[in-house]
$ cat input13.txt   # compact mmCIF, C-alpha atoms
# COMPACT_ATOMS: atom_id res chain seq x y z
CA MET O 1 -22.35 -11.59 0.58
CA ARG O 2 -20.69 -14.51 2.34
CA ILE O 3 -17.25 -15.41 3.67
CA VAL O 4 -15.78 -17.85 1.16
CA GLY O 5 -13.31 -19.92 3.19
CA GLY O 6 -11.68 -20.60 6.49
CA SER O 7 -13.23 -21.13 9.90
CA LEU O 8 -16.08 -18.70 9.18
CA GLY O 9 -16.80 -19.88 5.63
CA GLY O 10 -20.46 -19.45 4.69
CA ARG O 11 -21.19 -16.75 7.28
CA VAL O 12 -23.02 -13.69 5.94
CA LEU O 13 -21.48 -10.20 5.90
CA LYS O 14 -23.36 -6.93 5.95
CA ALA O 15 -22.63 -4.45 3.18
CA PRO O 16 -22.59 -0.70 3.85
CA ALA O 17 -25.78 1.17 3.09
CA GLY O 18 -25.80 3.30 -0.05
CA ARG O 19 -23.99 3.06 -3.36
CA ASP O 20 -20.61 4.45 -2.31
CA THR O 21 -19.15 1.02 -1.55
CA ARG O 22 -18.65 -1.84 -3.99
CA PRO O 23 -17.94 -5.02 -1.99
CA THR O 24 -15.43 -7.44 -3.53
CA SER O 25 -17.35 -10.34 -5.02
CA GLU O 26 -17.09 -13.84 -3.57
CA LYS O 27 -15.59 -15.07 -6.86
CA VAL O 28 -12.81 -12.48 -6.75
CA ARG O 29 -12.11 -13.07 -3.04
CA GLU O 30 -11.87 -16.82 -3.55
CA ALA O 31 -9.47 -16.38 -6.49
CA LEU O 32 -7.43 -13.80 -4.58
CA PHE O 33 -6.90 -16.05 -1.56
CA ASN O 34 -6.11 -19.03 -3.78
CA ILE O 35 -3.34 -16.93 -5.35
CA LEU O 36 -2.08 -15.55 -2.03
CA GLY O 37 -1.96 -18.93 -0.35
CA SER O 38 -1.75 -19.12 3.42
CA VAL O 39 -2.23 -15.95 5.47
CA GLU O 40 -1.97 -17.90 8.73
CA GLY O 41 -0.46 -15.68 11.42
CA ASP O 42 -0.06 -12.69 9.09
CA HIS O 43 -0.67 -9.05 9.93
CA ILE O 44 -2.78 -7.38 7.27
CA LEU O 45 -3.75 -3.83 6.30
CA ASP O 46 -7.09 -3.29 4.53
CA LEU O 47 -7.16 0.20 3.01
CA PHE O 48 -10.51 1.49 1.70
CA ALA O 49 -12.02 -1.38 3.72
CA GLY O 50 -15.68 -0.90 2.72
CA SER O 51 -17.59 -3.83 4.23
CA GLY O 52 -14.33 -5.32 5.50
CA ALA O 53 -14.86 -8.43 3.35
CA LEU O 54 -11.19 -8.79 2.33
CA GLY O 55 -9.80 -8.38 5.84
CA ILE O 56 -12.51 -10.53 7.42
CA GLU O 57 -11.84 -13.24 4.83
CA ALA O 58 -8.18 -13.10 5.91
CA LEU O 59 -9.15 -13.40 9.59
CA SER O 60 -11.36 -16.38 8.75
CA ARG O 61 -8.32 -17.98 7.10
CA GLY O 62 -6.07 -17.52 10.13
CA ALA O 63 -4.57 -14.02 9.87
CA ALA O 64 -3.36 -12.86 13.28
CA ARG O 65 -4.56 -9.26 12.99
CA VAL O 66 -6.13 -6.91 10.45
CA THR O 67 -6.16 -3.11 10.47
CA PHE O 68 -9.15 -1.70 8.56
CA VAL O 69 -9.11 1.90 7.28
CA ASP O 70 -12.04 3.71 5.65
CA GLY O 71 -13.41 7.22 5.65
CA GLY O 72 -17.07 6.49 4.99
CA LYS O 73 -19.42 6.33 7.95
CA PRO O 74 -21.64 3.58 6.41
CA ALA O 75 -18.52 1.51 5.65
CA LEU O 76 -17.17 1.90 9.18
CA THR O 77 -20.55 0.94 10.63
CA ALA O 78 -20.64 -2.19 8.44
CA VAL O 79 -17.05 -3.22 9.28
CA ARG O 80 -17.62 -2.82 13.02
CA ALA O 81 -20.95 -4.70 12.87
CA ASN O 82 -19.41 -7.55 10.86
CA LEU O 83 -16.45 -7.87 13.23
CA ALA O 84 -18.73 -7.85 16.30
CA GLN O 85 -21.19 -10.34 14.81
CA LEU O 86 -18.36 -12.74 13.98
CA GLY O 87 -16.49 -12.31 17.28
CA LEU O 88 -13.39 -10.86 15.62
CA THR O 89 -13.02 -7.52 17.40
CA ASP O 90 -10.04 -8.75 19.44
CA ARG O 91 -8.05 -9.41 16.24
CA ALA O 92 -8.96 -6.19 14.44
CA GLU O 93 -8.44 -2.47 14.56
CA VAL O 94 -10.81 -0.12 12.74
CA ILE O 95 -9.53 3.34 11.86
CA ALA O 96 -11.81 6.11 10.63
CA GLY O 97 -10.26 8.47 8.13
CA ASP O 98 -8.66 9.01 4.78
CA ALA O 99 -6.85 5.84 3.68
CA VAL O 100 -4.09 7.68 1.81
CA SER O 101 -3.07 9.92 4.71
CA HIS O 102 -3.42 7.10 7.24
CA ALA O 103 -1.24 4.81 5.11
CA ALA O 104 1.64 7.20 5.71
CA ARG O 105 1.02 7.54 9.47
CA LEU O 106 0.00 4.09 10.67
CA VAL O 107 2.64 2.28 12.68
CA PRO O 108 1.99 -1.45 12.94
CA GLY O 109 3.17 -3.44 15.92
CA THR O 110 4.32 -6.12 13.47
CA PRO O 111 5.03 -5.28 9.81
CA TRP O 112 2.19 -6.03 7.41
CA ARG O 113 2.64 -9.08 5.17
CA VAL O 114 -0.43 -8.33 3.02
CA VAL O 115 -1.94 -4.96 2.13
CA PHE O 116 -5.32 -4.80 0.40
CA VAL O 117 -6.05 -1.60 -1.51
CA ASP O 118 -9.57 -1.33 -2.93
CA PRO O 119 -10.43 2.33 -3.58
CA PRO O 120 -13.21 3.73 -5.76
CA TYR O 121 -12.46 2.44 -9.26
CA ALA O 122 -12.35 5.75 -11.13
CA SER O 123 -9.58 7.26 -9.04
CA GLU O 124 -5.81 7.37 -8.61
CA LEU O 125 -6.14 6.68 -4.88
CA ALA O 126 -4.65 3.17 -5.05
CA SER O 127 -1.31 4.42 -6.36
CA LYS O 128 -1.28 7.31 -3.90
CA ALA O 129 -2.00 5.01 -0.94
CA VAL O 130 0.66 2.47 -1.93
CA LEU O 131 3.29 5.16 -2.49
CA ALA O 132 2.46 6.66 0.92
CA LEU O 133 3.15 3.38 2.78
CA PRO O 134 6.55 3.47 4.50
CA ARG O 135 8.53 0.41 3.34
CA ALA O 136 9.72 -0.11 6.92
CA HIS O 137 6.12 -1.02 7.83
CA LEU O 138 6.02 -3.87 5.31
CA ALA O 139 7.37 -7.38 5.94
CA PRO O 140 10.26 -8.44 3.68
CA ASN O 141 7.94 -10.75 1.72
CA ALA O 142 4.97 -8.36 1.69
CA VAL O 143 2.38 -8.49 -1.06
CA ILE O 144 0.23 -5.50 -1.97
CA VAL O 145 -3.02 -6.34 -3.74
CA ILE O 146 -4.86 -3.60 -5.63
CA GLU O 147 -8.40 -4.18 -6.84
CA HIS O 148 -9.35 -2.00 -9.80
CA ASP O 149 -11.40 -1.98 -12.95
CA ARG O 150 -9.88 -2.99 -16.27
CA ARG O 151 -9.87 0.61 -17.53
CA ASN O 152 -7.99 2.02 -14.55
CA ALA O 153 -4.99 -0.22 -13.90
CA PRO O 154 -2.11 1.02 -11.76
CA PRO O 155 1.31 1.35 -13.44
CA ASP O 156 3.67 -1.63 -13.66
CA ALA O 157 5.82 -0.12 -10.89
CA LEU O 158 4.88 1.90 -7.82
CA GLY O 159 8.12 3.32 -6.50
CA SER O 160 10.33 0.29 -5.80
CA LEU O 161 7.36 -2.10 -5.95
CA LEU O 162 6.94 -4.09 -9.14
CA ARG O 163 3.74 -5.67 -10.37
CA THR O 164 4.30 -9.43 -10.32
CA ASP O 165 0.87 -10.62 -11.43
CA GLN O 166 -2.46 -9.33 -12.70
CA ARG O 167 -5.76 -11.20 -13.08
CA ARG O 168 -9.08 -10.23 -14.64
CA TYR O 169 -12.56 -11.26 -13.47
CA GLY O 170 -15.08 -9.54 -15.75
CA ASP O 171 -14.56 -5.80 -15.31
CA THR O 172 -12.68 -6.34 -12.03
CA MET O 173 -8.92 -6.80 -12.00
CA ILE O 174 -6.49 -7.51 -9.21
CA SER O 175 -2.86 -6.50 -9.45
CA PHE O 176 -0.17 -7.93 -7.16
CA PHE O 177 2.91 -5.95 -6.16
CA GLU O 178 5.77 -7.31 -4.10
CA VAL O 179 8.39 -5.66 -1.94
CA PRO O 180 11.80 -6.33 -3.50
CA GLN O 181 14.12 -8.49 -1.38

$ encode --input "input13.txt" --output "structure tokens"
Amino acid sequence: MRIVGGSLGGRVLKAPAGRDTRPTSEKVREALFNILGSVEGDHILDLFAGSGALGIEALSRGAARVTFVDGGKPALTAVRANLAQLGLTDRAEVIAGDAVSHAARLVPGTPWRVVFVDPPYASELASKAVLALPRAHLAPNAVIVIEHDRRNAPPDALGSLLRTDQRRYGDTMISFFEVPQ
């Protein structure tokens, strides 16, 4: 698994040991960042971080800071190792614990402009995590990106957030939600 773009493009990432984590494919990450456009200077939240591939891709593309949240010990070990290997620890925070409960309690120094939500596919955790996020912690133009399988899509609306786009890559789908202005 490699970083697709940015200053660290081509560098290899470690995946967590075991089968509990499904890293986002390079194809999906490349498409996702092409859709998002520039993340230069943005503050980003990566819920259910796994290997940290989404947040690290954002850092490689100029994000100012990423907060990674995951409850799995192998995932946390992989995220920390990847950040250290790439010299990104000064621009990242890694939080161990349940992503849904932490979404409600985290207080960013600067509101998040992008939130990645990539929970286990056969769960309702994405919707729960997004609904738990206080809107005050999101930038006015925030985008929430949920990765899911095609059989388990989130609803068209999550509270006041409306789905603005949805793309399919094999069995993987990404849904984009935006904070209303």

$ residues_around --input "input13.txt" --residues "Pro16 (chain O)" --least-positions-apart "3" --cutoff "6 Å" --atoms "all atoms listed in the file" --output "PyMOL selection string"
chain O and resi 51+74-75+78

$ residues_around --input "input13.txt" --residues "Ala58 (chain O)" --least-positions-apart "3" --cutoff "10 Å" --atoms "only C-alpha atoms" --output "list of chain:residue names"
O:Ile3, O:Gly5, O:Gly6, O:Arg29, O:Phe33, O:Ser38, O:Val39, O:Glu40, O:Gly41, O:Asp42, O:His43, O:Ile44, O:Asp46, O:Gly52, O:Ala53, O:Leu54, O:Gly55, O:Arg61, O:Gly62, O:Ala63, O:Ala64, O:Arg65, O:Val66, O:Val114

$ residues_around --input "input13.txt" --residues "Val179 (chain O)" --least-positions-apart "6" --cutoff "9 Å" --atoms "only C-alpha atoms" --output "MDAnalysis selection string"
chainID O and resid 135 138:144 160:162

$ write_last_selection --input "input13.txt" --atoms "C-alpha atoms" --output "PDB file, in the coordinates of the input"
ATOM      1  CA  ARG O 135       8.530   0.410   3.340  1.00  0.00           C
ATOM      2  CA  LEU O 138       6.020  -3.870   5.310  1.00  0.00           C
ATOM      3  CA  ALA O 139       7.370  -7.380   5.940  1.00  0.00           C
ATOM      4  CA  PRO O 140      10.260  -8.440   3.680  1.00  0.00           C
ATOM      5  CA  ASN O 141       7.940 -10.750   1.720  1.00  0.00           C
ATOM      6  CA  ALA O 142       4.970  -8.360   1.690  1.00  0.00           C
ATOM      7  CA  VAL O 143       2.380  -8.490  -1.060  1.00  0.00           C
ATOM      8  CA  ILE O 144       0.230  -5.500  -1.970  1.00  0.00           C
ATOM      9  CA  SER O 160      10.330   0.290  -5.800  1.00  0.00           C
ATOM     10  CA  LEU O 161       7.360  -2.100  -5.950  1.00  0.00           C
ATOM     11  CA  LEU O 162       6.940  -4.090  -9.140  1.00  0.00           C
TER      12      LEU O 162
END

$ atom_distance --input "input13.txt" --atom1 "CA of Pro119 (chain O)" --atom2 "CA of Gly10 (chain O)"
25.4 Å

$ atom_distance --input "input13.txt" --atom1 "CA of Ser127 (chain O)" --atom2 "CA of Ile146 (chain O)"
8.8 Å

$ residues_around --input "input13.txt" --residues "region 148-153 of chain O" --least-positions-apart "3" --cutoff "10 Å" --atoms "only C-alpha atoms" --output "list of chain:residue names"
O:Val117, O:Asp118, O:Pro119, O:Pro120, O:Tyr121, O:Ala122, O:Ser123, O:Glu124, O:Ala126, O:Ser127, O:Val145, O:Asp156, O:Gln166, O:Arg167, O:Arg168, O:Tyr169, O:Gly170, O:Asp171, O:Thr172, O:Met173, O:Ile174, O:Ser175

$ residues_around --input "input13.txt" --residues "Ala129 (chain O)" --least-positions-apart "3" --cutoff "10 Å" --atoms "all atoms listed in the file" --output "CSV table (one decimal) with C-alpha atoms, keeping the file's coordinate frame"
chain,number,residue,atom,x,y,z
O,47,LEU,CA,-7.2,0.2,3.0
O,48,PHE,CA,-10.5,1.5,1.7
O,98,ASP,CA,-8.7,9.0,4.8
O,99,ALA,CA,-6.8,5.8,3.7
O,100,VAL,CA,-4.1,7.7,1.8
O,101,SER,CA,-3.1,9.9,4.7
O,102,HIS,CA,-3.4,7.1,7.2
O,103,ALA,CA,-1.2,4.8,5.1
O,104,ALA,CA,1.6,7.2,5.7
O,117,VAL,CA,-6.0,-1.6,-1.5
O,119,PRO,CA,-10.4,2.3,-3.6
O,124,GLU,CA,-5.8,7.4,-8.6
O,125,LEU,CA,-6.1,6.7,-4.9
O,126,ALA,CA,-4.6,3.2,-5.0
O,132,ALA,CA,2.5,6.7,0.9
O,133,LEU,CA,3.2,3.4,2.8

$ closest_residue --input "input13.txt" --among "O:Arg11, O:Ala81, O:Val107, O:Arg2" --to "Thr24 (chain O)" --atoms "all atoms listed in the file"
O:Arg2

$ atom_distance --input "input13.txt" --atom1 "CA of Gly71 (chain O)" --atom2 "CA of Ala96 (chain O)"
5.3 Å

$ closest_residue --input "input13.txt" --among "O:Ala136, O:Ala49, O:Val4, O:Ile56" --to "Ile95 (chain O)" --atoms "only C-alpha atoms"
O:Ala49

$ closest_residue --input "input13.txt" --among "O:Pro134, O:Ser60, O:Glu147, O:Arg105" --to "Pro23 (chain O)" --atoms "only C-alpha atoms"
O:Glu147

$ closest_residue --input "input13.txt" --among "O:Ala157, O:Leu59, O:Val28, O:Ala84" --to "Gly9 (chain O)" --atoms "all atoms listed in the file"
O:Leu59

$ closest_residue --input "input13.txt" --among "O:Leu106, O:Ile35, O:Val69, O:Val12" --to "Asp165 (chain O)" --atoms "all atoms listed in the file"
O:Ile35

$ closest_residue --input "input13.txt" --among "O:Lys14, O:Lys27, O:Arg22, O:Arg113" --to "Leu83 (chain O)" --atoms "all atoms listed in the file"
O:Lys14

$ build_atoms --input "input13.txt" --residues "region 39-53 of chain O" --atoms "N, CA and C atoms" --output "PDB file, keeping the file's coordinate frame"
ATOM      1  N   VAL O  39      -2.415 -17.222   4.759  1.00  0.00           N
ATOM      2  CA  VAL O  39      -2.230 -15.950   5.470  1.00  0.00           C
ATOM      3  C   VAL O  39      -2.178 -16.214   6.979  1.00  0.00           C
ATOM      4  N   GLU O  40      -2.014 -17.473   7.334  1.00  0.00           N
ATOM      5  CA  GLU O  40      -1.970 -17.900   8.730  1.00  0.00           C
ATOM      6  C   GLU O  40      -0.919 -17.105   9.502  1.00  0.00           C
ATOM      7  N   GLY O  41      -1.360 -16.434  10.568  1.00  0.00           N
ATOM      8  CA  GLY O  41      -0.460 -15.680  11.420  1.00  0.00           C
ATOM      9  C   GLY O  41      -0.027 -14.330  10.890  1.00  0.00           C
ATOM     10  N   ASP O  42      -0.489 -13.954   9.705  1.00  0.00           N
ATOM     11  CA  ASP O  42      -0.060 -12.690   9.090  1.00  0.00           C
ATOM     12  C   ASP O  42      -0.764 -11.478   9.690  1.00  0.00           C
ATOM     13  N   HIS O  43      -0.091 -10.343   9.595  1.00  0.00           N
ATOM     14  CA  HIS O  43      -0.670  -9.050   9.930  1.00  0.00           C
ATOM     15  C   HIS O  43      -1.008  -8.374   8.611  1.00  0.00           C
ATOM     16  N   ILE O  44      -2.237  -7.841   8.532  1.00  0.00           N
ATOM     17  CA  ILE O  44      -2.780  -7.380   7.270  1.00  0.00           C
ATOM     18  C   ILE O  44      -3.356  -5.981   7.420  1.00  0.00           C
ATOM     19  N   LEU O  45      -3.172  -5.176   6.373  1.00  0.00           N
ATOM     20  CA  LEU O  45      -3.750  -3.830   6.300  1.00  0.00           C
ATOM     21  C   LEU O  45      -4.781  -3.834   5.194  1.00  0.00           C
ATOM     22  N   ASP O  46      -5.990  -3.363   5.499  1.00  0.00           N
ATOM     23  CA  ASP O  46      -7.090  -3.290   4.530  1.00  0.00           C
ATOM     24  C   ASP O  46      -7.460  -1.826   4.349  1.00  0.00           C
ATOM     25  N   LEU O  47      -6.883  -1.201   3.306  1.00  0.00           N
ATOM     26  CA  LEU O  47      -7.160   0.200   3.010  1.00  0.00           C
ATOM     27  C   LEU O  47      -8.398   0.317   2.130  1.00  0.00           C
ATOM     28  N   PHE O  48      -9.221   1.336   2.380  1.00  0.00           N
ATOM     29  CA  PHE O  48     -10.510   1.490   1.700  1.00  0.00           C
ATOM     30  C   PHE O  48     -11.338   0.234   1.986  1.00  0.00           C
ATOM     31  N   ALA O  49     -11.490  -0.090   3.262  1.00  0.00           N
ATOM     32  CA  ALA O  49     -12.020  -1.380   3.720  1.00  0.00           C
ATOM     33  C   ALA O  49     -13.455  -1.663   3.288  1.00  0.00           C
ATOM     34  N   GLY O  50     -14.285  -0.647   3.108  1.00  0.00           N
ATOM     35  CA  GLY O  50     -15.680  -0.900   2.720  1.00  0.00           C
ATOM     36  C   GLY O  50     -16.369  -1.767   3.744  1.00  0.00           C
ATOM     37  N   SER O  51     -16.894  -2.908   3.323  1.00  0.00           N
ATOM     38  CA  SER O  51     -17.590  -3.830   4.230  1.00  0.00           C
ATOM     39  C   SER O  51     -16.615  -4.585   5.128  1.00  0.00           C
ATOM     40  N   GLY O  52     -15.331  -4.560   4.763  1.00  0.00           N
ATOM     41  CA  GLY O  52     -14.330  -5.320   5.500  1.00  0.00           C
ATOM     42  C   GLY O  52     -14.184  -6.739   4.986  1.00  0.00           C
ATOM     43  N   ALA O  53     -14.820  -7.053   3.853  1.00  0.00           N
ATOM     44  CA  ALA O  53     -14.860  -8.430   3.350  1.00  0.00           C
ATOM     45  C   ALA O  53     -13.462  -9.017   3.132  1.00  0.00           C
TER      46      ALA O  53
END
